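File shown: entry.tsv. Contents: TSV, C-alpha atoms and all ligand atoms.
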```
chain	number	residue	atom	x	y	z
Y	109	MET	CA	-15.37	26.57	-22.89
Y	110	ALA	CA	-17.47	23.60	-21.86
Y	111	ASN	CA	-20.13	24.02	-19.23
Y	112	TRP	CA	-18.39	22.79	-16.11
Y	113	GLY	CA	-21.12	24.01	-13.74
Y	114	ALA	CA	-21.71	20.64	-12.09
Y	115	LEU	CA	-18.00	20.06	-11.53
Y	116	GLU	CA	-17.54	23.55	-10.11
Y	117	ARG	CA	-20.42	23.02	-7.67
Y	118	GLU	CA	-18.93	19.75	-6.50
Y	119	LEU	CA	-15.53	21.39	-5.96
Y	120	GLU	CA	-17.18	24.20	-3.97
Y	121	GLN	CA	-18.89	21.62	-1.81
Y	122	LEU	CA	-15.58	19.88	-1.10
Y	123	LYS	CA	-14.02	23.21	-0.10
Y	124	LYS	CA	-16.95	23.98	2.21
Y	125	GLU	CA	-16.53	20.63	3.95
Y	126	GLY	CA	-12.77	21.08	4.31
Y	127	ARG	CA	-12.19	18.08	2.05
Y	128	TYR	CA	-10.60	19.84	-0.92
Y	129	ARG	CA	-7.01	18.70	-1.35
Y	130	PRO	CA	-4.62	20.77	-3.40
Y	131	ILE	CA	-1.54	18.96	-4.66
Y	132	THR	CA	1.66	19.58	-2.75
Y	133	VAL	CA	4.65	20.30	-4.98
Y	134	TRP	CA	7.99	19.28	-3.48
Y	135	GLU	CA	11.24	20.88	-4.50
Y	136	THR	CA	13.50	17.98	-3.51
Y	137	GLY	CA	13.36	14.21	-3.94
Y	138	SER	CA	11.77	11.69	-1.59
Y	139	ASP	CA	13.70	11.79	1.69
Y	140	THR	CA	13.21	12.25	5.44
Y	141	TRP	CA	13.54	16.02	5.07
Y	142	MET	CA	12.17	17.67	1.94
Y	143	ASN	CA	11.78	21.20	0.66
Y	144	ILE	CA	8.45	22.87	0.15
Y	145	GLY	CA	8.07	26.58	-0.57
Y	146	GLY	CA	11.81	26.98	0.10
Y	147	ARG	CA	11.40	25.47	3.57
Y	148	ARG	CA	12.84	22.22	4.85
Y	149	VAL	CA	10.19	20.07	6.51
Y	150	LEU	CA	10.21	16.65	8.14
Y	151	GLN	CA	8.54	14.13	5.85
Y	152	MET	CA	6.20	11.80	7.76
Y	153	SER	CA	3.94	10.74	4.91
Y	154	SER	CA	5.97	8.91	2.32
Y	155	ASN	CA	5.81	5.18	1.63
Y	156	ASN	CA	9.56	5.15	1.14
Y	157	TYR	CA	9.79	2.88	4.20
Y	158	LEU	CA	13.41	1.85	3.76
Y	159	GLY	CA	14.78	4.96	2.08
Y	160	LEU	CA	15.52	2.89	-1.02
Y	161	THR	CA	14.62	5.72	-3.43
Y	162	ASN	CA	18.14	7.03	-2.79
Y	163	HIS	CA	20.02	3.76	-2.39
Y	164	PRO	CA	23.27	3.77	-4.42
Y	165	ASP	CA	22.74	0.21	-5.74
Y	166	LEU	CA	19.32	1.12	-7.10
Y	167	LYS	CA	20.49	4.34	-8.72
Y	168	LYS	CA	23.41	2.56	-10.34
Y	169	ALA	CA	21.16	-0.21	-11.66
Y	170	ALA	CA	18.77	2.35	-13.17
Y	171	ILE	CA	21.54	4.28	-14.89
Y	172	GLU	CA	23.15	1.12	-16.26
Y	173	ALA	CA	19.82	-0.15	-17.57
Y	174	ILE	CA	19.20	3.10	-19.41
Y	175	GLU	CA	22.65	2.84	-20.99
Y	176	GLN	CA	22.05	-0.77	-21.98
Y	177	TYR	CA	18.37	-0.76	-23.00
Y	178	GLY	CA	17.30	2.87	-23.47
Y	179	VAL	CA	14.47	4.55	-21.63
Y	180	GLY	CA	11.37	2.70	-22.80
Y	181	SER	CA	10.30	-0.88	-23.43
Y	182	GLY	CA	8.60	-0.22	-26.75
Y	183	SER	CA	5.33	-2.07	-26.22
Y	184	VAL	CA	3.16	-4.21	-24.02
Y	185	ARG	CA	4.72	-7.29	-22.44
Y	186	THR	CA	3.25	-9.73	-24.96
Y	187	ILE	CA	4.83	-8.03	-28.02
Y	188	THR	CA	8.28	-6.47	-27.61
Y	189	GLY	CA	7.90	-5.26	-24.05
Y	190	THR	CA	9.44	-8.23	-22.22
Y	191	LEU	CA	13.17	-7.61	-22.07
Y	192	HIS	CA	15.64	-9.84	-20.29
Y	193	ILE	CA	15.55	-7.48	-17.31
Y	194	HIS	CA	11.75	-7.92	-16.91
Y	195	ASP	CA	12.09	-11.70	-17.03
Y	196	GLN	CA	14.94	-11.67	-14.54
Y	197	LEU	CA	12.96	-9.47	-12.15
Y	198	GLU	CA	10.06	-11.93	-12.19
Y	199	GLN	CA	12.34	-14.89	-11.53
Y	200	GLU	CA	14.01	-13.19	-8.60
Y	201	LEU	CA	10.70	-11.95	-7.21
Y	202	ALA	CA	9.35	-15.52	-7.26
Y	203	ALA	CA	12.47	-16.76	-5.49
Y	204	PHE	CA	12.18	-13.94	-2.94
Y	205	LYS	CA	8.51	-14.70	-2.31
Y	206	GLU	CA	9.16	-18.47	-2.34
Y	207	THR	CA	6.42	-19.04	-4.91
Y	208	GLU	CA	6.51	-20.87	-8.24
Y	209	ALA	CA	6.08	-17.70	-10.24
Y	210	ALA	CA	5.61	-13.95	-10.20
Y	211	LEU	CA	4.12	-11.60	-12.78
Y	212	VAL	CA	4.93	-7.88	-12.83
Y	213	PHE	CA	2.43	-5.15	-13.71
Y	214	GLN	CA	2.87	-1.39	-14.14
Y	215	SER	CA	1.60	-0.64	-10.62
Y	216	GLY	CA	0.05	-2.24	-7.60
Y	217	PHE	CA	-3.21	-0.68	-8.69
Y	218	THR	CA	-3.22	-2.39	-12.08
Y	219	THR	CA	-2.00	-5.63	-10.49
Y	220	ASN	CA	-5.17	-5.81	-8.42
Y	221	GLN	CA	-7.27	-5.07	-11.48
Y	222	GLY	CA	-5.41	-7.72	-13.43
Y	223	VAL	CA	-5.64	-10.43	-10.78
Y	224	MET	CA	-9.41	-9.96	-10.50
Y	225	THR	CA	-9.54	-11.44	-14.01
Y	226	ILE	CA	-9.62	-14.86	-12.31
Y	227	LEU	CA	-13.21	-14.06	-11.27
Y	228	GLY	CA	-16.05	-15.11	-13.55
Y	229	ALA	CA	-19.83	-14.78	-13.36
Y	230	ASP	CA	-20.17	-18.02	-11.35
Y	231	ASP	CA	-17.74	-16.87	-8.67
Y	232	VAL	CA	-17.97	-14.80	-5.52
Y	233	VAL	CA	-15.39	-12.40	-4.13
Y	234	ILE	CA	-15.43	-11.72	-0.41
Y	235	SER	CA	-13.70	-8.51	0.64
Y	236	ASP	CA	-12.78	-6.73	3.90
Y	237	GLU	CA	-14.69	-3.43	4.10
Y	238	LEU	CA	-11.46	-1.45	4.46
Y	239	ASN	CA	-9.67	-2.91	1.46
Y	240	HIS	CA	-7.82	-0.54	-0.84
Y	241	ALA	CA	-9.57	1.36	-3.65
Y	242	SER	CA	-7.71	-0.66	-6.29
Y	243	ILE	CA	-9.25	-3.87	-4.93
Y	244	ILE	CA	-12.70	-2.30	-4.93
Y	245	ASP	CA	-12.30	-1.04	-8.49
Y	246	GLY	CA	-10.85	-4.37	-9.60
Y	247	ILE	CA	-13.89	-6.15	-8.19
Y	248	ARG	CA	-16.21	-3.72	-9.99
Y	249	LEU	CA	-14.70	-4.78	-13.30
Y	250	THR	CA	-15.71	-8.42	-12.79
Y	251	LYS	CA	-19.04	-10.16	-13.22
Y	252	ALA	CA	-18.60	-12.02	-9.93
Y	253	GLN	CA	-20.96	-11.65	-6.98
Y	254	ARG	CA	-19.60	-9.45	-4.16
Y	255	ARG	CA	-19.78	-9.82	-0.41
Y	256	ILE	CA	-18.23	-7.42	2.12
Y	257	TYR	CA	-17.33	-8.38	5.69
Y	258	ALA	CA	-16.77	-5.93	8.55
Y	259	HIS	CA	-13.14	-5.02	9.05
Y	260	ARG	CA	-11.17	-8.06	10.27
Y	261	ASP	CA	-14.40	-9.70	11.46
Y	262	MET	CA	-13.80	-13.43	11.16
Y	263	ASP	CA	-17.27	-14.39	12.40
Y	264	GLN	CA	-18.80	-12.43	9.55
Y	265	LEU	CA	-16.32	-13.87	7.10
Y	266	GLU	CA	-17.28	-17.38	8.19
Y	267	ALA	CA	-20.99	-16.60	7.94
Y	268	VAL	CA	-20.49	-15.33	4.38
Y	269	LEU	CA	-18.36	-18.32	3.40
Y	270	ARG	CA	-20.99	-20.69	4.78
Y	271	GLU	CA	-23.59	-19.11	2.48
Y	272	CYS	CA	-21.38	-19.15	-0.58
Y	273	GLY	CA	-20.91	-22.90	-1.03
Y	274	SER	CA	-22.71	-23.01	-4.37
Y	275	PHE	CA	-20.39	-20.64	-6.24
Y	276	ALA	CA	-17.80	-22.12	-8.57
Y	277	LYS	CA	-14.97	-20.23	-6.80
Y	278	ARG	CA	-14.80	-18.30	-3.56
Y	279	VAL	CA	-12.03	-15.71	-3.36
Y	280	VAL	CA	-11.31	-13.98	-0.06
Y	281	VAL	CA	-9.36	-10.76	-0.58
Y	282	THR	CA	-7.70	-8.61	2.07
Y	283	ASP	CA	-5.03	-5.98	2.45
Y	284	GLY	CA	-2.07	-7.49	4.33
Y	285	VAL	CA	-1.46	-4.20	6.15
Y	286	PHE	CA	-4.36	-1.76	5.99
Y	287	SER	CA	-3.17	1.47	4.52
Y	288	MET	CA	-5.29	3.91	6.52
Y	289	ASP	CA	-5.11	2.22	9.92
Y	290	GLY	CA	-1.79	0.42	9.94
Y	291	ASP	CA	-3.28	-2.76	11.35
Y	292	ILE	CA	-2.50	-6.24	10.06
Y	293	ALA	CA	-5.01	-8.65	8.51
Y	294	PRO	CA	-5.73	-11.76	10.64
Y	295	LEU	CA	-4.25	-13.93	7.93
Y	296	PRO	CA	-3.94	-17.18	9.93
Y	297	ALA	CA	-7.67	-17.09	10.69
Y	298	ILE	CA	-8.52	-16.19	7.10
Y	299	VAL	CA	-6.42	-19.10	5.82
Y	300	GLU	CA	-8.09	-21.54	8.22
Y	301	LEU	CA	-11.55	-20.44	7.14
Y	302	ALA	CA	-10.54	-20.57	3.49
Y	303	GLU	CA	-9.32	-24.14	3.94
Y	304	LYS	CA	-12.52	-25.11	5.73
Y	305	TYR	CA	-14.75	-23.61	3.00
Y	306	ASP	CA	-12.55	-24.27	-0.03
Y	307	ALA	CA	-11.74	-20.65	-0.86
Y	308	ILE	CA	-8.83	-18.94	-2.57
Y	309	VAL	CA	-6.89	-16.46	-0.41
Y	310	PHE	CA	-5.71	-13.26	-2.07
Y	311	VAL	CA	-3.64	-10.83	0.01
Y	312	ASP	CA	-2.59	-7.36	-1.14
Y	313	ASP	CA	0.74	-6.69	0.54
Y	314	ALA	CA	1.31	-3.16	-0.78
Y	315	HIS	CA	2.19	-1.85	2.70
Y	316	ALA	CA	3.71	-5.16	3.80
Y	317	SER	CA	6.20	-5.53	0.93
Y	318	GLY	CA	9.63	-4.77	2.36
Y	319	VAL	CA	8.03	-4.16	5.74
Y	320	LEU	CA	6.60	-7.42	7.19
Y	321	GLY	CA	8.16	-10.88	7.31
Y	322	ARG	CA	11.76	-12.02	7.02
Y	323	ASN	CA	13.66	-9.59	4.75
Y	324	GLY	CA	10.33	-7.91	4.02
Y	325	LYS	CA	8.86	-10.93	2.24
Y	326	GLY	CA	5.37	-9.89	3.35
Y	327	SER	CA	2.47	-10.97	5.51
Y	328	THR	CA	2.41	-14.61	4.39
Y	329	ASP	CA	5.98	-15.04	5.58
Y	330	HIS	CA	5.31	-13.00	8.72
Y	331	PHE	CA	2.64	-15.50	9.78
Y	332	GLY	CA	4.48	-18.61	8.53
Y	333	LEU	CA	1.74	-19.42	6.01
Y	334	LYS	CA	3.92	-20.47	3.08
Y	335	GLY	CA	1.90	-22.36	0.46
Y	336	ARG	CA	-1.44	-21.52	2.10
Y	337	VAL	CA	-1.96	-18.03	0.63
Y	338	HIS	CA	-2.73	-18.49	-3.05
Y	339	ILE	CA	-2.23	-14.99	-4.42
Y	340	GLN	CA	0.24	-12.50	-2.97
Y	341	VAL	CA	0.12	-9.09	-4.58
Y	342	GLY	CA	3.03	-6.83	-3.80
Y	343	THR	CA	3.96	-3.34	-4.82
Y	344	LEU	CA	7.28	-2.11	-6.13
Y	345	SER	CA	6.16	1.49	-5.52
Y	346	LYS	CA	6.43	1.78	-1.75
Y	347	ALA	CA	9.24	0.18	0.27
Y	348	VAL	CA	10.87	-1.13	-2.91
Y	349	GLY	CA	11.35	2.48	-3.92
Y	350	ALA	CA	10.41	2.60	-7.62
Y	351	VAL	CA	7.05	1.84	-9.23
Y	352	GLY	CA	5.16	-1.30	-10.23
Y	353	GLY	CA	3.32	-4.24	-8.77
Y	354	TYR	CA	3.36	-8.01	-8.99
Y	355	ALA	CA	1.33	-11.09	-8.29
Y	356	ALA	CA	3.20	-14.04	-6.79
Y	357	GLY	CA	1.74	-17.54	-6.71
Y	358	ASP	CA	1.48	-20.75	-8.71
Y	359	GLN	CA	2.70	-20.97	-12.30
Y	360	VAL	CA	-0.84	-21.65	-13.52
Y	361	LEU	CA	-1.97	-18.32	-12.06
Y	362	LYS	CA	0.80	-16.53	-13.94
Y	363	ASP	CA	0.01	-18.43	-17.17
Y	364	PHE	CA	-3.64	-17.44	-16.87
Y	365	LEU	CA	-2.97	-13.77	-16.11
Y	366	ILE	CA	-0.59	-13.50	-19.08
Y	367	GLN	CA	-3.43	-14.61	-21.35
Y	368	LYS	CA	-6.27	-12.72	-19.69
Y	369	ALA	CA	-5.27	-9.77	-17.50
Y	370	ARG	CA	-6.08	-6.63	-19.42
Y	371	PRO	CA	-3.61	-4.20	-17.77
Y	372	PHE	CA	-0.91	-6.73	-18.68
Y	373	LEU	CA	-2.15	-7.19	-22.24
Y	374	PHE	CA	-3.07	-3.64	-23.15
Y	375	SER	CA	-0.66	-1.31	-21.39
Y	376	THR	CA	3.06	-0.86	-22.01
Y	377	SER	CA	5.50	-2.56	-19.67
Y	378	ALA	CA	7.74	-0.75	-17.21
Y	379	PRO	CA	10.79	1.07	-18.55
Y	380	PRO	CA	13.91	-1.13	-18.27
Y	381	ALA	CA	15.40	1.24	-15.68
Y	382	VAL	CA	12.39	0.61	-13.44
Y	383	ALA	CA	12.72	-3.16	-13.77
Y	384	ALA	CA	16.46	-2.93	-13.05
Y	385	THR	CA	15.83	-0.69	-10.03
Y	386	CYS	CA	13.34	-3.16	-8.59
Y	387	LEU	CA	15.69	-6.07	-9.19
Y	388	ALA	CA	18.45	-4.23	-7.32
Y	389	ALA	CA	16.00	-3.47	-4.49
Y	390	ILE	CA	15.04	-7.13	-4.11
Y	391	ARG	CA	18.74	-7.99	-3.91
Y	392	VAL	CA	19.24	-5.35	-1.20
Y	393	LEU	CA	16.33	-6.83	0.76
Y	394	ARG	CA	17.65	-10.37	0.45
Y	395	ARG	CA	21.10	-9.32	1.60
Y	396	SER	CA	20.22	-7.54	4.78
Y	397	GLU	CA	17.57	-7.23	7.43
Y	398	SER	CA	19.11	-4.25	9.21
Y	399	LEU	CA	17.03	-1.64	7.40
Y	400	ILE	CA	13.84	-3.46	8.31
Y	401	GLY	CA	14.99	-3.80	11.91
Y	402	GLN	CA	15.58	-0.07	12.02
Y	403	LEU	CA	12.15	0.57	10.50
Y	404	TRP	CA	10.36	-1.44	13.17
Y	405	SER	CA	12.39	-0.02	16.02
Y	406	ASN	CA	11.53	3.50	14.82
Y	407	ALA	CA	7.87	2.60	14.40
Y	408	THR	CA	7.58	1.19	17.92
Y	409	TYR	CA	9.39	4.19	19.40
Y	410	PHE	CA	7.15	6.68	17.61
Y	411	ARG	CA	3.84	4.89	18.25
Y	412	THR	CA	4.60	4.40	21.94
Y	413	LYS	CA	5.42	8.10	22.41
Y	414	VAL	CA	2.39	9.31	20.48
Y	415	ARG	CA	0.09	7.07	22.51
Y	416	ALA	CA	1.71	8.18	25.76
Y	417	LEU	CA	0.80	11.78	24.86
Y	418	GLY	CA	-2.82	10.67	24.79
Y	419	PHE	CA	-3.50	10.52	21.06
Y	420	ASN	CA	-5.76	7.88	19.55
Y	421	THR	CA	-3.70	5.83	17.10
Y	422	GLY	CA	-6.50	3.33	16.41
Y	423	GLY	CA	-5.39	-0.20	15.68
Y	424	SER	CA	-1.91	0.72	14.42
Y	425	GLU	CA	0.65	-2.05	14.78
Y	426	THR	CA	2.98	-1.19	11.88
Y	427	PRO	CA	5.01	1.86	10.72
Y	428	ILE	CA	1.68	3.42	9.65
Y	429	VAL	CA	0.56	5.43	12.68
Y	430	PRO	CA	-2.71	7.34	12.24
Y	431	VAL	CA	-3.65	10.04	14.72
Y	432	ILE	CA	-7.44	10.02	14.69
Y	433	VAL	CA	-8.85	13.54	14.83
Y	434	GLY	CA	-12.49	13.22	13.75
Y	435	ASP	CA	-14.27	15.57	11.39
Y	436	PRO	CA	-12.68	16.50	8.05
Y	437	ALA	CA	-12.14	20.23	8.67
Y	438	LYS	CA	-10.50	19.70	12.04
Y	439	THR	CA	-8.33	16.96	10.56
Y	440	MET	CA	-7.08	19.21	7.77
Y	441	LEU	CA	-6.47	22.02	10.30
Y	442	PHE	CA	-4.41	19.65	12.42
Y	443	SER	CA	-2.32	18.70	9.40
Y	444	ASP	CA	-1.88	22.38	8.40
Y	445	LEU	CA	-0.75	23.38	11.89
Y	446	LEU	CA	1.75	20.52	11.94
Y	447	LEU	CA	3.17	21.79	8.67
Y	448	GLN	CA	3.57	25.24	10.23
Y	449	GLN	CA	5.69	23.48	12.85
Y	450	GLY	CA	7.77	21.87	10.08
Y	451	VAL	CA	6.18	18.42	9.99
Y	452	PHE	CA	4.40	17.08	6.92
Y	453	ALA	CA	1.77	14.48	7.77
Y	454	GLN	CA	-1.12	14.01	5.38
Y	455	GLY	CA	-4.66	14.57	6.55
Y	456	ILE	CA	-6.93	11.79	5.35
Y	457	VAL	CA	-10.66	12.41	5.33
Y	458	PHE	CA	-13.96	11.19	3.90
Y	459	PRO	CA	-14.47	9.41	1.52
Y	460	THR	CA	-11.09	7.70	1.99
Y	461	VAL	CA	-12.11	7.07	5.60
Y	462	ALA	CA	-15.47	7.44	7.38
Y	463	MET	CA	-16.75	11.01	7.90
Y	464	ASP	CA	-16.05	10.98	11.67
Y	465	LYS	CA	-12.76	9.06	11.37
Y	466	GLY	CA	-10.58	11.76	9.77
Y	467	ARG	CA	-6.96	11.26	10.67
Y	468	VAL	CA	-3.51	12.57	10.16
Y	469	ARG	CA	-1.45	9.63	8.99
Y	470	PHE	CA	2.20	9.33	9.97
Y	471	ILE	CA	4.46	6.88	8.23
Y	472	VAL	CA	7.71	6.14	10.00
Y	473	THR	CA	10.69	5.05	7.90
Y	474	ALA	CA	14.02	3.35	8.59
Y	475	ASN	CA	15.91	6.52	7.76
Y	476	HIS	CA	14.24	8.75	10.34
Y	477	THR	CA	16.62	9.47	13.21
Y	478	ARG	CA	15.48	9.57	16.82
Y	479	GLU	CA	15.92	13.36	16.66
Y	480	ASP	CA	13.57	13.46	13.65
Y	481	LEU	CA	10.95	11.43	15.48
Y	482	ASP	CA	11.28	13.56	18.63
Y	483	PHE	CA	10.85	16.66	16.48
Y	484	ALA	CA	7.57	15.24	15.15
Y	485	ILE	CA	6.43	14.21	18.64
Y	486	ASP	CA	7.10	17.71	20.03
Y	487	ALA	CA	5.10	19.24	17.15
Y	488	LEU	CA	2.27	16.80	17.76
Y	489	GLU	CA	2.11	17.71	21.43
Y	490	LEU	CA	2.08	21.43	20.71
Y	491	VAL	CA	-0.55	21.26	17.98
Y	492	GLY	CA	-2.63	18.66	19.82
Y	493	ASN	CA	-2.89	21.00	22.80
Y	494	LYS	CA	-3.65	23.98	20.57
Y	495	ILE	CA	-6.70	22.39	18.97
Y	496	GLY	CA	-7.86	20.64	22.14
Y	497	LEU	CA	-7.17	17.05	21.11
Y	498	LEU	CA	-5.17	16.41	24.26
Y	499	THR	CA	-7.13	17.05	27.41
G	501	LIG	C1	-0.65	1.79	-2.56
G	501	LIG	C2	-1.53	0.60	-2.62
G	501	LIG	C3	-1.82	-0.02	-3.83
G	501	LIG	C4	-1.38	0.57	-5.14
G	501	LIG	O1	-0.03	0.34	-5.35
G	501	LIG	P1	0.73	1.24	-6.44
G	501	LIG	O2	1.92	0.42	-6.76
G	501	LIG	O3	1.03	2.54	-5.80
G	501	LIG	O4	-0.20	1.38	-7.59
G	501	LIG	C5	-2.57	-1.17	-3.82
G	501	LIG	N1	-3.03	-1.70	-2.67
G	501	LIG	C6	-2.79	-1.13	-1.49
G	501	LIG	C7	-3.31	-1.76	-0.25
G	501	LIG	C8	-2.04	0.04	-1.42
G	501	LIG	O5	-1.80	0.62	-0.24
```

Rewrite the structure from the file as structure tokens, please.
Amino acid sequence: MANWGALERELEQLKKEGRYRPITVWETGSDTWMNIGGRRVLQMSSNNYLGLTNHPDLKKAAIEAIEQYGVGSGSVRTITGTLHIHDQLEQELAAFKETEAALVFQSGFTTNQGVMTILGADDVVISDELNHASIIDGIRLTKAQRRIYAHRDMDQLEAVLRECGSFAKRVVVTDGVFSMDGDIAPLPAIVELAEKYDAIVFVDDAHASGVLGRNGKGSTDHFGLKGRVHIQVGTLSKAVGAVGGYAAGDQVLKDFLIQKARPFLFSTSAPPAVAATCLAAIRVLRRSESLIGQLWSNATYFRTKVRALGFNTGGSETPIVPVIVGDPAKTMLFSDLLLQQGVFAQGIVFPTVAMDKGRVRFIVTANHTREDLDFAIDALELVGNKIGLLT
């Protein structure tokens, strides 16, 4: 056996700090109630915002695609891995996003890595400090200069842009909805600054896809900024219910990424059933806004009640509702006690968030009933009192 001493010490350290996270194994599929250890618990942590993982249209599309195309695509997109269903998905995604073009990747994570290919050594990328790990890693793969601005701080963003006039390209990148806080990027202000300082705007709408904007078109649509956000990354893994990611924007962006983006060039394309599932999901979104209406009504109901109990939900303004607890061990205890009460809400601690900003993150979905949400609220009150979070 190899000498794993250093790894073992690091794992011990994580356990000591209450930051060690074992994987939870679920016995049933993604839904509002799921089984764990033979027990049914209320799921308040999935990104299945619209319950589409179980939608009959999506299941049917997946099954039919397997019958028609088989289970795999056979290669990367540029060889045999672009089937009609992949092409059709991209055309309908572009129409949905009201952009010239869209390019699909295997995940939102690899989409961000791929899009960063537009950055060269003469460029600068300017990033919100709370942007997602996949943006941070994508940036690390480039030779561009990096600047970070404080979360949603437009004065700092402007100061950075003012100093960056000599770079060939300036790219401002932000999450559309921030995944750990559930707040929304100030996109109108970012767009105005980008126009003033000749910068490209790149928004990662992973948690806004299917959630924000008309029919879930995302943050650009939500703010009425059509044509002024140059790169819209979306995920097919969260509200859309399957897996994958895409970049929507001008045709020239797509043409460039097809030639240059390494996750696109060197990793096999999505199975046809996944492409077909996503296509069916986009059609469901275009057809109806009722699921999204239900999602937002549930989110507002839940957040209002949780705040009224006296919890700190930070800057949440979306279906992501964090309950800020503080230190990592206490956060994980809070999450464990909630699970004892039958509510699964993930504890999120350092290094995902700051050491003193540990939180239990609730994600409300369209399929939760009012009884479900009340069940979670009652558990929160009980456990909050037990560990002295509510005074
Ligand atoms: C989840 C997430 C991603 C990654 O998307 P996947 O499709 O799950 O790989 C990227 N960016 C943000 C902001 C996310 O929340």

>> Show me the residues around (-14.8, -2.7, 4.7) - criterion: an atom at most 9 Å away, all atoms listed in the file counted - as number ranges by chain.
In response: Y: 235-239, 256-260

>> Neighbours of ligand LIG 501 (chain G) at 8 Å or closer, counting only C-alpha atoms and all ligand atoms: which residues, as a PyMOL selection string?
In response: chain Y and resi 214-220+239-243+283-287+312-315+342-346+351-353

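Note that atom CA of Y:Gln151 and atom CA of Y:His163 are 17.5 Å apart.
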
>> I'd like the neighbourhood of stretch 186-198 of chain Y as an MDAnalysis selection string, where a residue qualifies if any of its atoms comes within 12 Å (using only C-alpha atoms), though same-chain residues fewer than 4 positions away should be ignored.
In response: chainID Y and resid 169:170 172:174 176:178 180:182 202:214 344 352:357 359 362 365:391

Show which residues sit within 12 Å of Y:Asp482, as an mmCIF file with C-alpha atoms, keeping the file's coordinate frame. Count only C-alpha atoms, and ignore same-chain residues fewer than 5 positions away.
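Result went into selection-v3.cif, see below:
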```
data_model
loop_
_atom_site.group_PDB
_atom_site.id
_atom_site.type_symbol
_atom_site.label_atom_id
_atom_site.label_comp_id
_atom_site.auth_asym_id
_atom_site.auth_seq_id
_atom_site.Cartn_x
_atom_site.Cartn_y
_atom_site.Cartn_z
ATOM 1 C CA LEU Y 150 10.210 16.650 8.140
ATOM 2 C CA ASN Y 406 11.530 3.500 14.820
ATOM 3 C CA TYR Y 409 9.390 4.190 19.400
ATOM 4 C CA PHE Y 410 7.150 6.680 17.610
ATOM 5 C CA ARG Y 411 3.840 4.890 18.250
ATOM 6 C CA THR Y 412 4.600 4.400 21.940
ATOM 7 C CA LYS Y 413 5.420 8.100 22.410
ATOM 8 C CA VAL Y 414 2.390 9.310 20.480
ATOM 9 C CA VAL Y 451 6.180 18.420 9.990
ATOM 10 C CA VAL Y 472 7.710 6.140 10.000
ATOM 11 C CA HIS Y 476 14.240 8.750 10.340
ATOM 12 C CA THR Y 477 16.620 9.470 13.210
ATOM 13 C CA ALA Y 487 5.100 19.240 17.150
ATOM 14 C CA LEU Y 488 2.270 16.800 17.760
ATOM 15 C CA GLU Y 489 2.110 17.710 21.430
#
```

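Atom CA of Y:Arg415 lies 26.9 Å from atom CA of Y:Thr282.
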
>> Which residues are close to Y:Thr439, i.e. within 6 Å by all atoms listed in the file, leaving aside same-chain residues fewer than 5 positions away? Reply as a PyMOL selection string.
In response: chain Y and resi 433+455+466-467

>> Give me, as a ChimeraX atom specification, all polymer residues having an atom no more than 12 Å from Y:Gln448, counting all atoms listed in the file and skipping those fewer than 6 positions away in the same chain.
In response: /Y:144-145,147-150,441-442,484,487-488,490-491

>> Just to confirm, what's the straight-line distance from atom CA of Y:Gly273 to atom CA of Y:Tyr305 in Å (one decimal)?
In response: 7.4 Å

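In terms of minimum interatomic distance to Y:Asn162, Y:Gly349 ranks closest within Y:Gly349, Y:Gly434, Y:Gly423, Y:Pro130, counting all atoms listed in the file.
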
> Skipping near chain neighbours, those fewer than 4 positions away, what residues fall within 9 Å of stretch 295-297 of chain Y using all atoms listed in the file, listed as a PyMOL selection string?
Replying inline: chain Y and resi 262+282+284+301-302+311+327-328+331-333+337

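Among the candidate residues Y:Ile308, Y:Ile131, Y:Met152, Y:Leu160, the one lying nearest to Y:Val233 is Y:Ile308, with distances computed using all atoms listed in the file.
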